[in-house]
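Structure data follow from my_file.tsv (TSV, C-alpha atoms and all ligand atoms):
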chain	number	residue	atom	x	y	z
A	233	MET	CA	0.00	0.00	0.00
A	234	LYS	CA	1.29	3.47	-0.90
A	235	PRO	CA	1.38	5.95	1.98
A	236	LEU	CA	-0.58	9.21	1.74
A	237	LEU	CA	2.06	10.97	3.85
A	238	LYS	CA	5.70	10.03	4.14
A	239	VAL	CA	8.08	11.82	6.50
A	240	GLU	CA	11.68	10.91	5.73
A	241	ASN	CA	14.63	11.60	8.05
A	242	VAL	CA	13.27	14.96	9.16
A	243	LYS	CA	15.50	17.04	11.40
A	244	LYS	CA	14.62	20.50	12.74
A	245	LYS	CA	17.06	22.66	14.64
A	246	PHE	CA	16.41	26.00	16.35
A	247	GLY	CA	19.95	27.29	16.77
A	248	GLU	CA	21.67	24.62	18.86
A	249	LEU	CA	18.39	23.04	19.99
A	250	VAL	CA	17.47	19.90	18.06
A	251	ALA	CA	13.65	19.88	18.15
A	252	LEU	CA	13.33	16.92	15.77
A	253	GLU	CA	16.00	14.29	15.18
A	254	ASN	CA	15.81	12.00	12.16
A	255	ILE	CA	12.04	11.41	12.22
A	256	SER	CA	10.64	8.94	9.68
A	257	PHE	CA	7.12	7.51	9.46
A	258	GLU	CA	4.24	6.96	7.07
A	259	VAL	CA	0.50	7.57	7.22
A	260	PHE	CA	-1.77	5.46	5.06
A	261	ASP	CA	-4.99	6.42	3.31
A	262	ARG	CA	-7.95	6.62	5.76
A	263	GLU	CA	-5.72	5.91	8.73
A	264	CYS	CA	-6.12	7.84	11.98
A	265	LEU	CA	-2.68	8.20	13.59
A	266	GLY	CA	-2.00	9.60	17.06
A	267	ILE	CA	1.09	11.52	18.19
A	268	ILE	CA	1.81	11.74	21.91
A	269	GLY	CA	4.72	12.75	24.12
A	270	PRO	CA	5.69	15.13	26.92
A	271	ASN	CA	5.69	18.92	26.64
A	272	GLY	CA	8.46	20.14	24.37
A	273	ALA	CA	8.87	16.74	22.68
A	274	GLY	CA	8.56	18.29	19.21
A	275	LYS	CA	4.96	17.38	18.31
A	276	THR	CA	3.89	20.86	17.22
A	277	THR	CA	7.18	21.39	15.39
A	278	LEU	CA	6.50	18.19	13.46
A	279	PHE	CA	3.06	19.53	12.46
A	280	ASN	CA	4.67	22.83	11.45
A	281	VAL	CA	7.08	20.98	9.17
A	282	ILE	CA	4.40	18.76	7.61
A	283	SER	CA	1.93	21.62	7.06
A	284	GLY	CA	4.52	23.90	5.46
A	285	HIS	CA	4.72	26.41	8.33
A	286	MET	CA	8.38	25.53	8.90
A	287	ARG	CA	11.07	24.20	6.60
A	288	PRO	CA	12.96	21.18	7.99
A	289	THR	CA	16.70	21.59	8.54
A	290	GLU	CA	17.15	18.21	6.86
A	291	GLY	CA	14.90	15.50	5.42
A	292	ARG	CA	11.91	15.39	3.10
A	293	VAL	CA	8.12	15.22	3.31
A	294	PHE	CA	6.08	13.48	0.61
A	295	PHE	CA	2.30	13.77	0.17
A	296	ASP	CA	0.34	11.67	-2.28
A	297	GLY	CA	3.62	10.66	-3.93
A	298	LYS	CA	4.87	14.25	-4.40
A	299	ASP	CA	7.82	15.86	-2.65
A	300	ILE	CA	6.20	18.76	-0.76
A	301	THR	CA	9.20	19.79	1.37
A	302	GLY	CA	9.28	23.57	1.74
A	303	LYS	CA	5.95	24.18	0.01
A	304	ARG	CA	3.76	26.91	1.50
A	305	PRO	CA	0.66	26.02	3.59
A	306	SER	CA	-1.64	27.58	0.94
A	307	GLU	CA	-0.16	25.30	-1.76
A	308	LEU	CA	-0.57	22.28	0.52
A	309	VAL	CA	-4.22	23.10	1.23
A	310	LYS	CA	-4.83	22.97	-2.54
A	311	LEU	CA	-3.25	19.50	-2.62
A	312	GLY	CA	-5.48	18.35	0.27
A	313	LEU	CA	-3.09	18.58	3.23
A	314	VAL	CA	-4.75	20.78	5.83
A	315	ARG	CA	-4.05	21.76	9.40
A	316	THR	CA	-7.23	22.84	11.19
A	317	PHE	CA	-7.81	26.53	10.79
A	318	GLN	CA	-7.62	28.71	13.85
A	319	ILE	CA	-10.03	31.62	13.87
A	320	ILE	CA	-7.86	34.71	13.55
A	321	ARG	CA	-8.80	37.85	15.46
A	322	ALA	CA	-10.51	39.57	12.54
A	323	PHE	CA	-12.91	36.64	12.21
A	324	ARG	CA	-13.97	36.45	15.84
A	325	ASN	CA	-16.46	39.28	15.45
A	326	MET	CA	-18.07	37.58	12.46
A	327	THR	CA	-20.95	35.11	12.70
A	328	VAL	CA	-20.49	31.40	12.10
A	329	GLU	CA	-21.99	31.70	8.62
A	330	GLU	CA	-19.90	34.76	7.74
A	331	ASN	CA	-16.80	32.77	8.65
A	332	PHE	CA	-17.84	30.02	6.23
A	333	GLN	CA	-18.66	32.61	3.55
A	334	ALA	CA	-15.21	34.18	3.98
A	335	VAL	CA	-13.49	30.83	3.42
A	336	GLY	CA	-15.78	30.03	0.47
A	337	GLY	CA	-16.78	26.68	-0.98
A	338	ASP	CA	-19.83	24.58	-0.34
A	339	TYR	CA	-20.56	24.93	3.35
A	340	GLU	CA	-24.25	24.47	4.10
A	341	GLY	CA	-24.01	20.66	4.26
A	342	ILE	CA	-20.91	20.85	6.45
A	343	MET	CA	-22.59	23.22	8.91
A	344	LYS	CA	-25.56	20.88	9.18
A	345	GLU	CA	-23.39	17.77	9.56
A	346	LEU	CA	-21.40	19.35	12.39
A	347	GLY	CA	-24.46	20.74	14.18
A	348	LEU	CA	-23.55	24.37	13.48
A	349	TRP	CA	-26.57	25.26	11.35
A	350	GLY	CA	-28.69	26.34	14.33
A	351	LYS	CA	-25.81	28.57	15.46
A	352	ARG	CA	-25.08	30.15	12.09
A	353	ASN	CA	-26.02	33.65	13.26
A	354	MET	CA	-23.95	33.51	16.45
A	355	VAL	CA	-20.82	35.66	16.60
A	356	ALA	CA	-17.76	33.37	16.70
A	357	LYS	CA	-16.30	34.91	19.87
A	358	ASN	CA	-19.50	34.04	21.78
A	359	LEU	CA	-19.36	30.33	20.89
A	360	SER	CA	-18.51	27.70	23.51
A	361	GLN	CA	-15.05	26.09	23.26
A	362	GLY	CA	-16.68	22.98	21.78
A	363	ASP	CA	-18.55	24.89	19.07
A	364	LEU	CA	-15.47	26.96	18.28
A	365	ARG	CA	-13.52	23.74	17.77
A	366	LYS	CA	-16.29	22.48	15.46
A	367	LEU	CA	-16.15	25.75	13.54
A	368	ASN	CA	-12.39	25.38	13.05
A	369	ILE	CA	-12.84	21.83	11.78
A	370	GLY	CA	-15.82	22.83	9.63
A	371	LEU	CA	-13.89	25.65	7.96
A	372	SER	CA	-11.04	23.21	7.23
A	373	LEU	CA	-13.53	20.76	5.68
A	374	THR	CA	-14.64	23.30	3.07
A	375	THR	CA	-11.21	22.78	1.43
A	376	LYS	CA	-11.99	19.05	1.01
A	377	PRO	CA	-8.90	17.75	2.83
A	378	LYS	CA	-7.46	14.30	2.18
A	379	LEU	CA	-5.29	14.62	5.27
A	380	LEU	CA	-6.29	16.68	8.28
A	381	LEU	CA	-3.83	17.53	11.07
A	382	LEU	CA	-5.54	18.11	14.43
A	383	ASP	CA	-3.47	19.70	17.22
A	384	GLU	CA	-4.89	18.87	20.68
A	385	PRO	CA	-8.54	18.93	19.58
A	386	PHE	CA	-9.82	17.74	22.99
A	387	SER	CA	-7.91	20.20	25.17
A	388	GLY	CA	-10.07	22.46	27.32
A	389	LEU	CA	-13.35	20.74	26.43
A	390	SER	CA	-15.98	19.58	28.93
A	391	PRO	CA	-17.03	15.90	28.93
A	392	LYS	CA	-20.16	16.79	26.94
A	393	GLU	CA	-18.10	18.76	24.41
A	394	CYS	CA	-15.63	15.85	24.18
A	395	ALA	CA	-18.53	13.52	23.36
A	396	GLU	CA	-19.64	15.87	20.58
A	397	LEU	CA	-16.11	16.05	19.20
A	398	HIS	CA	-15.93	12.24	19.13
A	399	ALA	CA	-19.00	12.29	16.89
A	400	VAL	CA	-17.34	14.88	14.63
A	401	ILE	CA	-14.18	12.77	14.30
A	402	ASP	CA	-16.30	9.69	13.51
A	403	HIS	CA	-17.99	11.77	10.87
A	404	LEU	CA	-14.64	12.78	9.36
A	405	LYS	CA	-13.71	9.11	9.17
A	406	GLU	CA	-16.96	8.33	7.36
A	407	ARG	CA	-16.09	11.08	4.88
A	408	GLY	CA	-12.81	9.22	4.23
A	409	VAL	CA	-10.56	11.89	5.72
A	410	THR	CA	-7.14	10.61	6.86
A	411	MET	CA	-6.11	12.17	10.18
A	412	VAL	CA	-3.07	12.75	12.35
A	413	ILE	CA	-3.98	13.85	15.87
A	414	ILE	CA	-1.69	15.30	18.56
A	415	GLU	CA	-3.36	14.84	21.95
A	416	HIS	CA	-2.50	14.70	25.64
A	417	LYS	CA	-5.91	13.27	26.58
A	418	LEU	CA	-5.03	9.67	25.81
A	419	LYS	CA	-8.39	8.12	26.59
A	420	GLU	CA	-10.07	10.37	24.04
A	421	LEU	CA	-7.30	9.82	21.48
A	422	PHE	CA	-7.18	6.05	21.86
A	423	SER	CA	-10.84	5.65	20.99
A	424	HIS	CA	-9.99	6.78	17.43
A	425	VAL	CA	-6.44	5.80	16.53
A	426	GLU	CA	-5.11	2.44	15.38
A	427	ARG	CA	-1.48	3.49	15.71
A	428	VAL	CA	0.44	5.91	17.88
A	429	LEU	CA	3.86	7.56	17.61
A	430	VAL	CA	5.58	8.63	20.80
A	431	LEU	CA	8.01	11.56	20.64
A	432	ASN	CA	10.46	12.49	23.38
A	433	TYR	CA	13.13	15.20	23.10
A	434	GLY	CA	12.69	15.24	19.32
A	435	ILE	CA	13.27	11.51	19.00
A	436	LEU	CA	10.73	8.92	17.86
A	437	LEU	CA	10.71	6.85	21.02
A	438	CYS	CA	8.32	4.16	19.88
A	439	GLU	CA	5.48	3.38	17.50
A	440	GLY	CA	2.65	0.89	17.82
A	441	LYS	CA	-0.93	0.14	18.76
A	442	PRO	CA	-2.26	2.16	21.74
A	443	ASP	CA	-2.09	-0.83	24.13
A	444	GLU	CA	1.46	-1.59	22.99
A	445	VAL	CA	2.83	1.92	23.52
A	446	VAL	CA	1.28	2.40	26.96
A	447	ASN	CA	3.00	-0.79	28.12
A	448	ASP	CA	6.38	0.16	26.66
A	449	VAL	CA	8.90	0.73	29.43
A	450	LYS	CA	10.54	3.65	27.56
A	451	VAL	CA	7.17	5.40	27.20
A	452	ILE	CA	6.26	4.85	30.84
A	453	GLU	CA	9.60	6.30	31.96
A	454	ALA	CA	9.53	9.30	29.61
A	455	TYR	CA	5.88	10.26	29.66
A	456	LEU	CA	3.29	8.21	31.49
A	457	GLY	CA	4.84	7.53	34.86
A	458	ASP	CA	4.18	4.46	36.99
A	459	GLY	CA	0.56	4.76	38.07
A	460	TYR	CA	-0.69	5.19	34.54
A	461	ALA	CA	-4.08	3.95	33.38
A	462	VAL	CA	-6.23	5.04	30.43
A	463	ALA	CA	-9.22	5.74	32.63
B	501	LIG	N1	10.07	28.79	16.87
B	501	LIG	C1	10.86	28.23	17.78
B	501	LIG	N2	12.05	28.76	18.11
B	501	LIG	C2	12.86	28.18	19.02
B	501	LIG	N3	12.56	27.04	19.68
B	501	LIG	C3	11.37	26.47	19.41
B	501	LIG	C4	10.47	27.02	18.46
B	501	LIG	N4	9.37	26.22	18.41
B	501	LIG	C5	9.60	25.22	19.29
B	501	LIG	N5	10.79	25.37	19.90
B	501	LIG	C6	11.39	24.44	20.88
B	501	LIG	O1	11.40	23.15	20.28
B	501	LIG	C7	11.08	22.15	21.24
B	501	LIG	C8	9.85	21.38	20.78
B	501	LIG	O2	8.70	22.22	20.91
B	501	LIG	P1	7.24	21.80	20.44
B	501	LIG	O3	6.35	22.99	20.63
B	501	LIG	O4	7.32	21.23	19.07
B	501	LIG	O5	6.87	20.67	21.48
B	501	LIG	P2	5.46	19.95	21.75
B	501	LIG	O6	5.74	18.49	21.81
B	501	LIG	O7	4.48	20.42	20.75
B	501	LIG	O8	5.07	20.46	23.20
B	501	LIG	P3	3.61	20.73	23.87
B	501	LIG	O9	3.02	19.38	24.22
B	501	LIG	O10	3.95	21.53	25.10
B	501	LIG	O11	2.79	21.51	22.87
B	501	LIG	C9	10.90	22.87	22.57
B	501	LIG	O12	12.12	22.80	23.27
B	501	LIG	C10	10.58	24.29	22.16
B	501	LIG	O13	10.98	25.21	23.14
Structure encoded using C-alpha cells:
Amino acid sequence: MKPLLKVENVKKKFGELVALENISFEVFDRECLGIIGPNGAGKTTLFNVISGHMRPTEGRVFFDGKDITGKRPSELVKLGLVRTFQIIRAFRNMTVEENFQAVGGDYEGIMKELGLWGKRNMVAKNLSQGDLRKLNIGLSLTTKPKLLLLDEPFSGLSPKECAELHAVIDHLKERGVTMVIIEHKLKELFSHVERVLVLNYGILLCEGKPDEVVNDVKVIEAYLGDGYAVA
C-alpha cells in the first residue's frame, strides 16, 4: 500500500536546539494516527514541518507521492493537506456563517453535519469552546482535505463537548478523511487511533498500537509515569 504521507529523516534545529532528530514515518490512506509525548517533545514542530509552516533543517516530506518539502501552507491546502484553521482575530467578530462565507466553498451541508446550522447567526467569539472547535474543523472541511492535522482537539473541552467532538471525528472518518492527531488526553485519542507515535526530546521513542505503547517501558519512563491507566 502506498502511503498518503511520508516523512523521511526529518530534522529540525532551532539554533543549537534539536527539536526533531531524524524522524521517519508513514501515514496510510484513511488511517487515523496519534502523536503523543511530553511537553516540548517536538509534536507541534512536526506539524509545522508537515503543514509547510516551517522548513525542515534536513529530510523530506512526501504527500500523495509528491515531494512537498518547503511548500507553502496555501499550496498544501490545494493539494489536500490541511491543518485545522484557527479563527484569527478579525474573524472572531463575524458570525459562524460569515466565517464560512469568507473561506468560500460549499458549506451548508458541512454546517448541518457538524451541528452548526442552528448557530449560524452567532458571533464566533460568543461560541462555547466545543462549538469553536467544530467551527475550526468545519472551515477546514470546506477545502476538502485528504489529510487533516488536528493539534490537541480535545484540550479544554468539557465531557459533553468531548462527546460531541468524538462524533465529529467519527464523521470525518466516514467522509474518508485521513487524520493525524496530537493529543495529551489519551483516553479520548485512543478511541480513534489504530497506531500511535511517541516523541520524546525530538526523537521517535516508539510506534505501535495504543495498548502496545502504553505498556512500553521507555514510554512509561519518559511520559506516562508508573501509576498510569487510560481511565
Ligand atoms: N520557533 C521556535 N524557536 C525556538 N525554539 C522552538 C520554536 N518552536 C519550538 N521550539 C522548541 O522546540 C522544542 C519542541 O517544541 P514543540 O512545541 O514542538 O513541542 P510539543 O511536543 O508540541 O510540546 P507541547 O506538548 O507543550 O505543545 C521545545 O524545546 C521548544 O521550546
* Asked: Which residue gives the smallest distance to ligand LIG 501 (chain B) among A:Asn325, A:Ser387, A:Ser423, A:Thr301, with only C-alpha atoms and all ligand atoms counted?
  ->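 With only C-alpha atoms and all ligand atoms as the atom set, the closest residue is A:Ser387.
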* **Nearest candidate to ligand LIG 501 (chain B) (options A:Val425, A:Leu381, A:Ile268, A:Leu418; using only C-alpha atoms and all ligand atoms)** => A:Ile268
For chain A against ligand LIG 501 (chain B), with a cut-off of 12 Å and counting only C-alpha atoms and all ligand atoms, what is the closest atom pair and its distance in Å to one decimal for every residue that makes the cut, ordered by chain and number, as CSV?
residue,atom,partner,partner_atom,distance
A:Lys243,CA,B:LIG501,O1,11.5
A:Lys244,CA,B:LIG501,O1,8.6
A:Lys245,CA,B:LIG501,O1,8.0
A:Phe246,CA,B:LIG501,C2,4.9
A:Gly247,CA,B:LIG501,C2,7.5
A:Glu248,CA,B:LIG501,N3,9.5
A:Leu249,CA,B:LIG501,O1,7.0
A:Val250,CA,B:LIG501,O1,7.2
A:Ala251,CA,B:LIG501,O1,4.5
A:Leu252,CA,B:LIG501,C8,7.6
A:Glu253,CA,B:LIG501,C8,10.9
A:Ile267,CA,B:LIG501,O6,9.1
A:Ile268,CA,B:LIG501,O6,7.8
A:Gly269,CA,B:LIG501,O6,6.3
A:Pro270,CA,B:LIG501,O9,5.7
A:Asn271,CA,B:LIG501,O10,3.5
A:Gly272,CA,B:LIG501,O5,3.3
A:Ala273,CA,B:LIG501,O6,3.7
A:Gly274,CA,B:LIG501,O4,3.2
A:Lys275,CA,B:LIG501,O6,3.8
A:Thr276,CA,B:LIG501,O7,3.6
A:Thr277,CA,B:LIG501,O4,3.7
A:Leu278,CA,B:LIG501,O4,6.4
A:Phe279,CA,B:LIG501,O4,8.0
A:Asn280,CA,B:LIG501,O4,8.2
A:Val281,CA,B:LIG501,O4,9.9
A:His285,CA,B:LIG501,N1,10.4
A:Met286,CA,B:LIG501,N1,8.8
A:Arg287,CA,B:LIG501,N1,11.3
A:Asp383,CA,B:LIG501,O11,8.6
A:Glu384,CA,B:LIG501,O11,8.4
A:Ser387,CA,B:LIG501,O9,11.0
A:Ile413,CA,B:LIG501,O7,11.8
A:Ile414,CA,B:LIG501,O7,8.3
A:Glu415,CA,B:LIG501,O9,8.2
A:His416,CA,B:LIG501,O9,7.4
A:Lys417,CA,B:LIG501,O9,11.1
A:Leu429,CA,B:LIG501,O6,11.9
A:Val430,CA,B:LIG501,O6,9.9
A:Leu431,CA,B:LIG501,O6,7.4
A:Asn432,CA,B:LIG501,O6,7.8
A:Tyr433,CA,B:LIG501,C8,7.4
A:Gly434,CA,B:LIG501,C8,6.9
A:Ile435,CA,B:LIG501,C8,10.6
A:Leu436,CA,B:LIG501,O6,11.5
A:Tyr455,CA,B:LIG501,O9,11.0
* Please tell me which residues are no farther than 10 Å from (5.0, 25.3, 0.5) in the file, counting all atoms listed in the file, and write them as a PyMOL selection string. => chain A and resi 281-287+300-309
Requested write-out: C-alpha atoms of the selected residues, as a CSV table (one decimal), in the coordinates of the input:
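Final output, part_17.csv:
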chain,number,residue,atom,x,y,z
A,281,VAL,CA,7.1,21.0,9.2
A,282,ILE,CA,4.4,18.8,7.6
A,283,SER,CA,1.9,21.6,7.1
A,284,GLY,CA,4.5,23.9,5.5
A,285,HIS,CA,4.7,26.4,8.3
A,286,MET,CA,8.4,25.5,8.9
A,287,ARG,CA,11.1,24.2,6.6
A,300,ILE,CA,6.2,18.8,-0.8
A,301,THR,CA,9.2,19.8,1.4
A,302,GLY,CA,9.3,23.6,1.7
A,303,LYS,CA,6.0,24.2,0.0
A,304,ARG,CA,3.8,26.9,1.5
A,305,PRO,CA,0.7,26.0,3.6
A,306,SER,CA,-1.6,27.6,0.9
A,307,GLU,CA,-0.2,25.3,-1.8
A,308,LEU,CA,-0.6,22.3,0.5
A,309,VAL,CA,-4.2,23.1,1.2
* Asked: Given the choices A:Glu396, A:Ser390, A:Leu237, A:Ala334, which gets closest to A:Asp299 if the distance is worked out from all atoms listed in the file?
  ->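 Of all the options, A:Leu237 lies closest to A:Asp299.
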* Show which residues sit within 12 Å of A:Gly347, as a PyMOL selection string. Count all atoms listed in the file, and ignore same-chain residues fewer than 3 positions away. => chain A and resi 328+340-344+350-352+362-367+369-370+396-397+399-400+403
Taking all atoms of stretch 324-338 of chain A that the file lists, what box with edges along x, y and z, padded by 5 Å per side, do you get, with centre and edge lengths in Å to one decimal, as JSON?
{"center_x": -17.7, "center_y": 31.9, "center_z": 7.4, "size_x": 18.5, "size_y": 24.7, "size_z": 26.8}
* To do: For atom CA of A:Leu421 and atom CA of A:Leu236, quote the distance in Å rounded to one decimal.
  => 20.9 Å
* Find, counting all atoms listed in the file, the residue in A:Met354, A:Val409, A:Ala395, A:Val428 that gets nearest to A:Ser372. =>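 With all atoms listed in the file as the atom set, the closest residue is A:Val409.
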